[in-house]
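One file, start-v6.pdb, carrying PDB, C-alpha atoms:
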```pdb
ATOM      1  CA  ARG I   1      -6.999 -35.269   1.882
ATOM      2  CA  VAL I   2      -6.464 -33.866  -1.564
ATOM      3  CA  ASP I   3     -10.099 -34.480  -2.447
ATOM      4  CA  GLY I   4     -11.215 -32.799   0.778
ATOM      5  CA  VAL I   5      -9.102 -29.734   0.067
ATOM      6  CA  GLY I   6     -10.438 -29.565  -3.491
ATOM      7  CA  GLU I   7     -14.037 -29.786  -2.281
ATOM      8  CA  GLY I   8     -13.399 -27.049   0.285
ATOM      9  CA  GLU I   9     -11.955 -24.694  -2.320
ATOM     10  CA  GLU I  10     -14.838 -25.429  -4.681
ATOM     11  CA  ARG I  11     -17.336 -24.681  -1.902
ATOM     12  CA  LYS I  12     -15.635 -21.364  -1.126
ATOM     13  CA  ARG I  13     -15.721 -20.328  -4.782
ATOM     14  CA  GLU I  14     -19.401 -21.242  -4.997
ATOM     15  CA  LEU I  15     -20.241 -19.204  -1.884
ATOM     16  CA  GLU I  16     -18.270 -16.242  -3.217
ATOM     17  CA  ARG I  17     -20.120 -16.439  -6.529
ATOM     18  CA  LYS I  18     -23.477 -16.458  -4.719
ATOM     19  CA  ARG I  19     -22.411 -13.461  -2.607
ATOM     20  CA  ARG I  20     -21.508 -11.456  -5.701
ATOM     21  CA  GLN I  21     -24.775 -12.430  -7.328
ATOM     22  CA  MET I  22     -26.780 -11.421  -4.233
ATOM     23  CA  ARG I  23     -24.943  -8.102  -3.930
ATOM     24  CA  GLY I  24     -25.568  -7.349  -7.614
ATOM     25  CA  TRP I  25     -29.291  -8.034  -7.152
ATOM     26  CA  VAL I  26     -29.479  -5.786  -4.045
ATOM     27  CA  GLN I  27     -27.698  -2.928  -5.799
ATOM     28  CA  GLY I  28     -29.783  -3.134  -8.966
ATOM     29  CA  LYS I  29     -29.258  -0.566 -11.686
ATOM     30  CA  ASP I  30     -26.502   1.982 -11.107
ATOM     31  CA  LEU I  31     -27.484   5.456  -9.933
ATOM     32  CA  THR I  32     -27.454   8.254 -12.447
ATOM     33  CA  ALA I  33     -25.352  11.351 -11.818
ATOM     34  CA  ALA I  34     -28.411  13.339 -10.706
ATOM     35  CA  GLU I  35     -29.602  10.574  -8.350
ATOM     36  CA  ARG I  36     -26.143  10.193  -6.867
ATOM     37  CA  LYS I  37     -25.884  13.939  -6.247
ATOM     38  CA  ALA I  38     -29.298  13.998  -4.551
ATOM     39  CA  VAL I  39     -28.447  11.060  -2.249
ATOM     40  CA  VAL I  40     -25.095  12.582  -1.281
ATOM     41  CA  GLU I  41     -26.752  15.934  -0.566
ATOM     42  CA  LYS I  42     -29.140  14.260   1.896
ATOM     43  CA  CYS I  43     -26.184  12.917   3.867
ATOM     44  CA  GLN I  44     -24.433  16.256   4.375
ATOM     45  CA  LYS I  45     -23.918  17.582   7.900
ATOM     46  CA  HIS I  46     -26.406  20.416   7.530
ATOM     47  CA  ARG I  47     -29.116  17.969   6.405
ATOM     48  CA  THR I  48     -28.809  15.136   8.927
ATOM     49  CA  LYS I  49     -27.037  14.332  12.168
ATOM     50  CA  LYS I  50     -27.023  10.567  11.606
ATOM     51  CA  GLN I  51     -23.440   9.396  11.338
ATOM     52  CA  ILE I  52     -21.391   6.244  11.977
ATOM     53  CA  ASN I  53     -17.917   6.746  13.470
ATOM     54  CA  LEU I  54     -15.318   4.187  12.407
ATOM     55  CA  GLY I  55     -12.418   4.433  14.830
ATOM     56  CA  ARG I  56      -9.277   2.600  15.838
ATOM     57  CA  ASP I  57     -11.005  -0.795  16.167
ATOM     58  CA  GLY I  58     -12.095  -0.753  12.532
ATOM     59  CA  LEU I  59     -15.326  -2.312  11.298
ATOM     60  CA  THR I  60     -17.156  -4.154  14.115
ATOM     61  CA  HIS I  61     -20.357  -6.173  14.398
ATOM     62  CA  ASN I  62     -22.123  -3.379  16.259
ATOM     63  CA  MET I  63     -21.218  -0.938  13.501
ATOM     64  CA  LEU I  64     -22.738  -3.223  10.866
ATOM     65  CA  ASN I  65     -25.919  -3.408  12.922
ATOM     66  CA  ASP I  66     -26.047   0.412  13.206
ATOM     67  CA  ILE I  67     -25.648   0.775   9.431
ATOM     68  CA  HIS I  68     -28.596  -1.511   8.742
ATOM     69  CA  ASN I  69     -30.715   0.299  11.354
ATOM     70  CA  ILE I  70     -30.133   3.608   9.554
ATOM     71  CA  TRP I  71     -30.851   1.964   6.195
ATOM     72  CA  LYS I  72     -34.364   1.173   7.418
ATOM     73  CA  HIS I  73     -35.292   4.849   7.002
ATOM     74  CA  GLU I  74     -32.540   6.339   4.820
ATOM     75  CA  GLU I  75     -31.116   5.424   1.417
ATOM     76  CA  ALA I  76     -27.531   6.085   2.485
ATOM     77  CA  VAL I  77     -25.490   6.594   5.624
ATOM     78  CA  ARG I  78     -22.583   8.938   6.356
ATOM     79  CA  ILE I  79     -19.480   7.289   7.835
ATOM     80  CA  LYS I  80     -16.587   9.180   9.427
ATOM     81  CA  CYS I  81     -13.289   7.276   9.497
ATOM     82  CA  MET I  82     -10.710   8.199  12.136
ATOM     83  CA  GLY I  83      -7.509   6.873  13.601
ATOM     84  CA  VAL I  84      -5.268   3.975  12.625
ATOM     85  CA  SER I  85      -7.628   2.372  10.130
ATOM     86  CA  THR I  86      -7.484   5.441   7.828
ATOM     87  CA  VAL I  87      -3.886   4.587   6.846
ATOM     88  CA  ASP I  88      -5.387   2.070   4.402
ATOM     89  CA  MET I  89      -8.635   3.648   3.180
ATOM     90  CA  LYS I  90      -8.847   1.265   0.234
ATOM     91  CA  ASN I  91      -9.183  -1.662   2.640
ATOM     92  CA  ILE I  92     -11.913   0.152   4.609
ATOM     93  CA  CYS I  93     -13.979   0.747   1.471
ATOM     94  CA  THR I  94     -13.552  -2.854   0.339
ATOM     95  CA  GLN I  95     -14.604  -4.270   3.715
ATOM     96  CA  LEU I  96     -17.636  -1.973   4.008
ATOM     97  CA  GLU I  97     -18.943  -2.922   0.566
ATOM     98  CA  ASP I  98     -18.254  -6.634   1.110
ATOM     99  CA  LYS I  99     -19.846  -6.947   4.564
ATOM    100  CA  THR I 100     -22.906  -4.750   3.996
ATOM    101  CA  PHE I 101     -23.607  -5.398   0.256
ATOM    102  CA  GLY I 102     -23.743  -1.598  -0.094
ATOM    103  CA  LYS I 103     -21.818   0.718  -2.411
ATOM    104  CA  ILE I 104     -19.700   3.767  -1.618
ATOM    105  CA  ILE I 105     -20.952   6.567  -3.867
ATOM    106  CA  HIS I 106     -18.982   9.457  -2.343
ATOM    107  CA  ARG I 107     -15.654   9.818  -0.585
ATOM    108  CA  HIS I 108     -14.004  12.978   0.715
ATOM    109  CA  GLY I 109     -11.050  12.502   3.039
ATOM    110  CA  GLY I 110     -12.259  10.392   5.931
ATOM    111  CA  PHE I 111     -15.967  10.875   5.092
ATOM    112  CA  LEU I 112     -17.798   8.163   3.147
ATOM    113  CA  VAL I 113     -21.374   7.868   1.896
ATOM    114  CA  LEU I 114     -22.534   4.233   1.770
ATOM    115  CA  TYR I 115     -25.595   3.584  -0.433
ATOM    116  CA  ARG I 116     -27.848   0.635   0.433
ATOM    117  CA  GLY I 117     -29.019  -0.262  -3.103
ATOM    118  CA  ARG I 118     -32.234   0.008  -5.120
ATOM    119  CA  ASN I 119     -33.613  -3.406  -4.088
ATOM    120  CA  TYR I 120     -32.635  -3.307  -0.420
ATOM    121  CA  ASN I 121     -35.229  -4.921   1.856
ATOM    122  CA  PRO I 122     -34.848  -4.280   5.625
ATOM    123  CA  ARG I 123     -36.780  -7.469   6.419
ATOM    124  CA  LYS I 124     -34.218  -9.600   4.587
ATOM    125  CA  ARG I 125     -31.188  -7.920   6.129
ATOM    126  CA  PRO I 126     -28.562 -10.294   7.574
ATOM    127  CA  LYS I 127     -28.872 -11.112  11.257
ATOM    128  CA  ILE I 128     -25.755  -9.785  12.944
ATOM    129  CA  PRO I 129     -25.160 -10.720  16.623
ATOM    130  CA  LEU I 130     -24.258  -7.843  18.911
ATOM    131  CA  MET I 131     -20.681  -7.785  20.181
ATOM    132  CA  LEU I 132     -20.855  -7.126  23.918
ATOM    133  CA  TRP I 133     -17.097  -7.070  24.469
ATOM    134  CA  LYS I 134     -14.187  -5.058  23.183
ATOM    135  CA  PRO I 135     -11.975  -6.918  20.699
ATOM    136  CA  HIS I 136      -8.568  -7.956  21.954
ATOM    137  CA  GLU I 137      -5.514  -6.059  20.812
ATOM    138  CA  PRO I 138      -3.613  -7.941  18.089
ATOM    139  CA  VAL I 139      -0.457  -9.697  19.247
ATOM    140  CA  TYR I 140       2.327  -8.819  16.831
ATOM    141  CA  PRO I 141       5.647 -10.663  16.567
ATOM    142  CA  ARG I 142       8.805  -8.768  17.412
ATOM    143  CA  LEU I 143       8.671  -5.760  15.069
ATOM    144  CA  ILE I 144      12.018  -4.149  15.904
ATOM    145  CA  LYS I 145      14.964  -6.500  15.547
ATOM    146  CA  THR I 146      18.188  -6.153  17.518
ATOM    147  CA  ALA I 147      20.162  -5.824  14.284
ATOM    148  CA  ILE I 148      18.652  -4.783  10.972
ATOM    149  CA  TYR I 149      19.311  -7.178   8.108
ATOM    150  CA  GLY I 150      22.861  -6.718   6.858
ATOM    151  CA  LEU I 151      23.972  -4.432   9.714
ATOM    152  CA  SER I 152      25.826  -5.103  12.931
ATOM    153  CA  ILE I 153      24.370  -4.195  16.316
ATOM    154  CA  GLU I 154      26.539  -1.081  16.593
ATOM    155  CA  GLU I 155      25.564   0.066  13.083
ATOM    156  CA  THR I 156      21.893  -0.487  13.935
ATOM    157  CA  LYS I 157      22.207   1.632  17.085
ATOM    158  CA  ASP I 158      23.903   4.377  15.087
ATOM    159  CA  MET I 159      21.099   4.272  12.496
ATOM    160  CA  ARG I 160      18.472   4.650  15.240
ATOM    161  CA  LYS I 161      20.250   7.724  16.583
ATOM    162  CA  ARG I 162      20.417   9.237  13.107
ATOM    163  CA  GLY I 163      16.757   8.411  12.498
ATOM    164  CA  LEU I 164      15.637  10.172  15.683
ATOM    165  CA  ALA I 165      17.698  13.226  14.688
ATOM    166  CA  VAL I 166      16.249  13.723  11.194
ATOM    167  CA  PRO I 167      13.424  16.306  10.802
ATOM    168  CA  ALA I 168       9.929  14.894  11.309
ATOM    169  CA  LEU I 169       8.009  14.258   8.107
ATOM    170  CA  THR I 170       4.675  14.982   9.805
ATOM    171  CA  GLN I 171       2.998  14.933  13.210
ATOM    172  CA  LEU I 172       0.006  12.651  13.644
ATOM    173  CA  ALA I 173      -2.940  13.880  15.687
ATOM    174  CA  ARG I 174      -4.882  11.553  17.959
ATOM    175  CA  ASN I 175      -7.884  10.048  16.102
ATOM    176  CA  GLY I 176      -6.938  12.033  13.020
ATOM    177  CA  TYR I 177      -7.065  11.201   9.315
ATOM    178  CA  TYR I 178      -3.942   9.456   7.987
ATOM    179  CA  GLY I 179      -5.057   8.669   4.454
ATOM    180  CA  SER I 180      -2.148  10.536   2.829
ATOM    181  CA  LEU I 181       0.576   9.149   5.110
ATOM    182  CA  VAL I 182       1.639   6.286   2.813
ATOM    183  CA  ALA I 183       2.054   8.621  -0.177
ATOM    184  CA  MET I 184       4.033  11.109   1.943
ATOM    185  CA  VAL I 185       6.462   8.407   3.101
ATOM    186  CA  ARG I 186       6.912   7.094  -0.446
ATOM    187  CA  ASP I 187       7.677  10.579  -1.740
ATOM    188  CA  ALA I 188      10.153  11.189   1.095
ATOM    189  CA  PHE I 189      11.999   7.957   0.269
ATOM    190  CA  LEU I 190      12.779   9.299  -3.193
ATOM    191  CA  THR I 191      15.446  11.529  -1.646
ATOM    192  CA  GLU I 192      15.922  10.290   1.935
ATOM    193  CA  GLU I 193      17.098   7.016   3.441
ATOM    194  CA  LEU I 194      15.464   7.510   6.860
ATOM    195  CA  VAL I 195      12.042   9.006   7.623
ATOM    196  CA  ARG I 196      10.675   9.972  11.044
ATOM    197  CA  VAL I 197       6.971  10.296  11.870
ATOM    198  CA  ASP I 198       6.104  12.170  15.071
ATOM    199  CA  CYS I 199       3.434  10.273  17.059
ATOM    200  CA  LYS I 200       3.382  12.182  20.341
ATOM    201  CA  GLY I 201       0.062  11.691  22.133
ATOM    202  CA  LEU I 202      -0.773   8.391  20.397
ATOM    203  CA  ASP I 203      -1.088   5.121  22.289
ATOM    204  CA  LYS I 204       1.726   2.601  22.042
ATOM    205  CA  SER I 205      -0.559   0.076  20.340
ATOM    206  CA  ASP I 206      -1.617   2.683  17.771
ATOM    207  CA  ARG I 207       2.008   3.425  16.917
ATOM    208  CA  LYS I 208       2.644  -0.272  16.351
ATOM    209  CA  LYS I 209      -0.436  -0.644  14.151
ATOM    210  CA  ILE I 210       0.564   2.366  12.040
ATOM    211  CA  GLY I 211       4.118   1.052  11.759
ATOM    212  CA  VAL I 212       2.939  -2.361  10.563
ATOM    213  CA  LYS I 213       0.647  -0.807   7.953
ATOM    214  CA  LEU I 214       3.446   1.443   6.666
ATOM    215  CA  ARG I 215       5.852  -1.500   6.567
ATOM    216  CA  ASP I 216       3.470  -3.483   4.361
ATOM    217  CA  LEU I 217       2.073  -0.681   2.176
ATOM    218  CA  VAL I 218       5.151   1.468   1.427
ATOM    219  CA  PRO I 219       7.102  -1.012   1.846
ATOM    220  CA  CYS I 220       9.886  -0.146   4.285
ATOM    221  CA  ILE I 221      11.826  -1.373   7.322
ATOM    222  CA  LEU I 222      10.919  -0.439  10.900
ATOM    223  CA  VAL I 223      13.917   0.991  12.742
ATOM    224  CA  THR I 224      12.544   2.112  16.127
ATOM    225  CA  PHE I 225       9.460   3.243  18.100
ATOM    226  CA  GLU I 226      11.462   5.074  20.761
ATOM    227  CA  LYS I 227      10.467   8.486  22.164
ATOM    228  CA  GLU I 228       6.957   8.229  20.658
ATOM    229  CA  GLN I 229       8.390   8.271  17.143
ATOM    230  CA  ILE I 230       8.243   5.938  14.142
ATOM    231  CA  VAL I 231      11.544   5.746  12.260
ATOM    232  CA  LEU I 232      11.500   3.979   8.883
ATOM    233  CA  GLN I 233      14.275   2.962   6.511
ATOM    234  CA  ASN I 234      13.947   2.847   2.747
ATOM    235  CA  HIS I 235      13.466  -0.801   1.780
ATOM    236  CA  SER I 236      14.796  -0.345  -1.760
ATOM    237  CA  THR I 237      18.112   1.061  -0.470
ATOM    238  CA  VAL I 238      18.749  -2.029   1.649
ATOM    239  CA  ALA I 239      17.704  -4.405  -1.129
ATOM    240  CA  ILE I 240      19.950  -2.771  -3.743
ATOM    241  CA  GLU I 241      22.903  -2.632  -1.352
ATOM    242  CA  ALA I 242      22.490  -6.277  -0.359
ATOM    243  CA  LYS I 243      22.106  -7.480  -3.941
ATOM    244  CA  CYS I 244      25.148  -5.572  -5.211
ATOM    245  CA  CYS I 245      27.368  -6.708  -2.354
ATOM    246  CA  LYS I 246      26.299 -10.350  -2.663
ATOM    247  CA  GLU I 247      26.801 -10.402  -6.418
ATOM    248  CA  ALA I 248      30.227  -8.741  -6.147
ATOM    249  CA  CYS I 249      31.460 -11.035  -3.373
ATOM    250  CA  GLY I 250      29.773 -14.222  -4.611
ATOM    251  CA  LEU I 251      28.197 -14.883  -1.204
ATOM    252  CA  SER I 252      25.046 -16.842  -0.412
ATOM    253  CA  ASN I 253      22.315 -15.468   1.869
ATOM    254  CA  SER I 254      23.681 -17.295   4.923
ATOM    255  CA  LYS I 255      27.240 -16.103   4.333
ATOM    256  CA  TYR I 256      26.088 -12.563   3.545
ATOM    257  CA  ASP I 257      24.609 -12.164   7.025
ATOM    258  CA  SER I 258      28.029 -12.617   8.622
ATOM    259  CA  ALA I 259      30.089 -10.856   5.909
ATOM    260  CA  ARG I 260      28.334  -7.758   4.661
ATOM    261  CA  TYR I 261      31.444  -5.935   3.594
ATOM    262  CA  CYS I 262      34.149  -7.466   1.435
ATOM    263  CA  SER I 263      37.716  -6.300   0.873
ATOM    264  CA  ALA I 264      38.953  -4.494  -2.205
ATOM    265  CA  GLU I 265      41.253  -7.425  -3.008
ATOM    266  CA  THR I 266      38.300  -9.817  -3.267
ATOM    267  CA  LEU I 267      36.405  -7.434  -5.544
ATOM    268  CA  ILE I 268      39.410  -6.990  -7.863
ATOM    269  CA  CYS I 269      39.959 -10.759  -7.986
ATOM    270  CA  ASN I 270      36.337 -11.394  -8.956
ATOM    271  CA  LEU I 271      36.449  -8.619 -11.572
ATOM    272  CA  ARG I 272      39.600 -10.114 -13.109
ATOM    273  CA  GLN I 273      37.880 -13.511 -13.416
ATOM    274  CA  VAL I 274      34.868 -11.947 -15.102
ATOM    275  CA  ILE I 275      37.081  -9.984 -17.513
ATOM    276  CA  VAL I 276      38.986 -13.140 -18.507
ATOM    277  CA  ILE I 277      35.745 -15.012 -19.158
ATOM    278  CA  ILE I 278      34.376 -12.179 -21.296
ATOM    279  CA  HIS I 279      37.620 -11.916 -23.289
ATOM    280  CA  VAL I 280      37.788 -15.672 -23.918
ATOM    281  CA  SER I 281      34.121 -15.826 -24.915
ATOM    282  CA  ALA I 282      34.548 -12.966 -27.386
ATOM    283  CA  THR I 283      37.659 -14.614 -28.918
ATOM    284  CA  LEU I 284      35.854 -17.934 -29.324
ATOM    285  CA  ALA I 285      32.933 -16.191 -30.994
ATOM    286  CA  VAL I 286      35.278 -14.572 -33.546
ATOM    287  CA  ALA I 287      36.989 -17.893 -34.156
ATOM    288  CA  ALA I 288      33.665 -19.624 -34.744
ATOM    289  CA  ARG I 289      32.729 -17.050 -37.373
ATOM    290  CA  SER I 290      36.032 -17.570 -39.221
ATOM    291  CA  HIS I 291      35.749 -21.415 -38.893
ATOM    292  CA  CYS I 292      39.152 -21.801 -37.247
ATOM    293  CA  VAL I 293      40.335 -23.516 -34.072
ATOM    294  CA  VAL I 294      41.924 -21.379 -31.383
ATOM    295  CA  SER I 295      43.470 -22.611 -28.111
ATOM    296  CA  LEU I 296      43.190 -20.140 -25.248
ATOM    297  CA  ASP I 297      44.007 -20.009 -21.593
ATOM    298  CA  ALA I 298      43.860 -17.352 -18.908
ATOM    299  CA  GLU I 299      47.451 -16.261 -19.577
ATOM    300  CA  THR I 300      46.484 -14.842 -22.999
ATOM    301  CA  VAL I 301      44.993 -11.840 -21.241
ATOM    302  CA  ASN I 302      47.932  -9.680 -20.272
ATOM    303  CA  GLU I 303      48.145  -7.213 -17.429
ATOM    304  CA  HIS I 304      47.808  -4.173 -19.707
ATOM    305  CA  GLN I 305      44.403  -5.339 -20.970
ATOM    306  CA  LEU I 306      43.188  -6.110 -17.435
ATOM    307  CA  SER I 307      44.292  -2.791 -16.021
ATOM    308  CA  GLY I 308      42.763  -0.904 -18.953
ATOM    309  CA  ILE I 309      39.390  -2.644 -18.649
ATOM    310  CA  GLU I 310      39.315  -2.190 -14.870
ATOM    311  CA  ARG I 311      39.918   1.551 -15.260
TER     312      ARG I 311
END
```
Would you encode the structure as structure tokens?
Amino acid sequence: RVDGVGEGEERKRELERKRRQMRGWVQGKDLTAAERKAVVEKCQKHRTKKQINLGRDGLTHNMLNDIHNIWKHEEAVRIKCMGVSTVDMKNICTQLEDKTFGKIIHRHGGFLVLYRGRNYNPRKRPKIPLMLWKPHEPVYPRLIKTAIYGLSIEETKDMRKRGLAVPALTQLARNGYYGSLVAMVRDAFLTEELVRVDCKGLDKSDRKKIGVKLRDLVPCILVTFEKEQIVLQNHSTVAIEAKCCKEACGLSNSKYDSARYCSAETLICNLRQVIVIIHVSATLAVAARSHCVVSLDAETVNEHQLSGIER
């Protein structure tokens, strides 16, 4: 089995190397600034009506076939990106260049210009079967949990109410361009714990897709999709709070789930133990420097020292 897995990985790396080599040969020498400007000018709206619309379903087989059909007569094709897929424009550009062997030479908002390459040959284009059916909607696991990590059910309900009451960061239009949404949410999390995105008019599946992309790219925690809204919680706030509480209480991950808050007495007790250890370690270090033997126990640290250090 190990040999089979090793052979499979080696075969994948070899195929990937051949793909990169083939794409480099198709592209040929890079375009100069003047050539790039001329190709982009030919793809403007006032020069041609040929355009590929990339919508909510992303890059499909039929779209790849349309791109190659336009490349038979034109050097480049104009692509308009709309809807959910524009949340991650970097992924769109990567997939377009990888699947078509082309190169994106211009990008403005949701508009892309995809260049076919100097050595492109329409007769040697890849044979892409037509997709005669609509792709199925992705089946996501449960995105909204009953209780957010580290919170009780009542605290989670209260957070959802507060999230729906905060001012909306932005309102998303149907089939709009969402390329700046991730940056907006990240900037909002610098000062806010909860962020609300208004999605009135969008399909339920689109709201879920946008929420998943924001959860992975920001990153953040999904709080609710109620009332056609997306409410997000700052992931760093939860992580810092959980880490501090666990370190202060000395709890493991399993115990932390059932005991998020600890009493003041437990915190003071743990702090006293740490202070004693630090004091003893410092005393031993001084004794080692002076080459003398010192016997210490916890009683050597009196209450005045403890209270002073705690303050």
Could you please determine the separation between atom CA of I:Lys103 and atom CA of I:Arg13 in Å, to one decimal place?
22.0 Å
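Nearest residue to I:Arg78, choosing from I:Lys37, I:Arg207, I:Arg107, I:Arg23 and counting only C-alpha atoms: I:Arg107.
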In file coordinates, which residues lie within 12 Å of (0.1, 9.9, 2.2) using all atoms listed in the file, given as an MDAnalysis selection string?
chainID I and resid 86:89 109 169:170 172 177:188 197 214 217:218
Considering all atoms listed in the file, return as an MDAnalysis selection string whatever protein or nucleic-acid residues lie within 9 Å of I:Leu143, sequence-local ones (same chain, fewer than 6 positions apart) excluded.
chainID I and resid 208 211:212 222:224
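Using the PyMOL selection byres ((chain I and resi 79) around 10) on this structure selects Cys43, Lys50, Gln51, Ile52, Asn53, Leu54, Ile67, Ala76, Val77, Arg78, Lys80, Cys81, Met82, Arg107, Gly110, Phe111, Leu112, Val113 and Leu114 of chain I.
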Report, in Å with one decimal, the straight-line distance from atom CA of I:Ile144 to atom CA of I:Phe225.
8.1 Å
Excluding same-chain residues fewer than 6 positions from I:Gly58, what lies within 9 Å of it counting all atoms listed in the file, as a ChimeraX atom specification?
/I:81,83-85,92
Evaluate the PyMOL selection byres ((chain I and resi 121) around 12) here and jot the selected residues down as JSON, numbers by chain.
{"I": [25, 26, 27, 68, 69, 71, 72, 73, 74, 75, 101, 116, 117, 118, 119, 120, 122, 123, 124, 125, 126]}
Interatomic distance, atom CA of I:Glu192 to atom CA of I:Asn234 (Å, one decimal):
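Between these atoms lies a distance of 7.7 Å.
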Pick out the closest residue to I:Cys220 from this set: I:Ile148, I:Ile153, I:Leu59, I:Val40. Count only C-alpha atoms.
I:Ile148
Have a look at I:Tyr115, I:Lys213, I:Gln229, I:Asp158 and name the one nearest to I:Asp30; count only C-alpha atoms.
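Once distances to I:Asp30 are computed over only C-alpha atoms, the minimum belongs to I:Tyr115.
For the choices I:Leu190, I:Met22, I:Leu64, I:Ala173, the atom-to-atom distance to I:Asp203 is smallest for I:Ala173 when using only C-alpha atoms.
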Using all atoms listed in the file, can you tell me which of I:Ala165, I:Lys204, I:Met159, I:Ile105 comes closest to I:Ala33?
I:Ile105
Can I get stretch 201-212 of chain I with N, CA and C atoms filled in, as a CSV table (one decimal), in the coordinates of the input?
```csv
chain,number,residue,atom,x,y,z
I,201,GLY,N,1.5,11.7,21.8
I,201,GLY,CA,0.1,11.7,22.1
I,201,GLY,C,-0.7,10.4,21.7
I,202,LEU,N,-0.1,9.6,20.8
I,202,LEU,CA,-0.8,8.4,20.4
I,202,LEU,C,-0.4,7.2,21.3
I,203,ASP,N,-1.3,6.3,21.5
I,203,ASP,CA,-1.1,5.1,22.3
I,203,ASP,C,0.0,4.3,21.7
I,204,LYS,N,0.7,3.5,22.5
I,204,LYS,CA,1.7,2.6,22.0
I,204,LYS,C,1.2,1.6,21.0
I,205,SER,N,0.0,1.1,21.3
I,205,SER,CA,-0.6,0.1,20.3
I,205,SER,C,-0.9,0.7,19.0
I,206,ASP,N,-1.3,2.0,19.0
I,206,ASP,CA,-1.6,2.7,17.8
I,206,ASP,C,-0.3,2.9,17.0
I,207,ARG,N,0.7,3.2,17.6
I,207,ARG,CA,2.0,3.4,16.9
I,207,ARG,C,2.4,2.1,16.3
I,208,LYS,N,2.3,1.0,16.9
I,208,LYS,CA,2.6,-0.3,16.4
I,208,LYS,C,1.8,-0.6,15.2
I,209,LYS,N,0.5,-0.4,15.3
I,209,LYS,CA,-0.4,-0.6,14.2
I,209,LYS,C,-0.1,0.2,12.9
I,210,ILE,N,0.2,1.5,13.2
I,210,ILE,CA,0.6,2.4,12.0
I,210,ILE,C,1.9,1.9,11.4
I,211,GLY,N,2.8,1.5,12.3
I,211,GLY,CA,4.1,1.1,11.8
I,211,GLY,C,4.0,-0.2,10.9
I,212,VAL,N,3.1,-1.1,11.3
I,212,VAL,CA,2.9,-2.4,10.6
I,212,VAL,C,2.3,-2.1,9.2
```
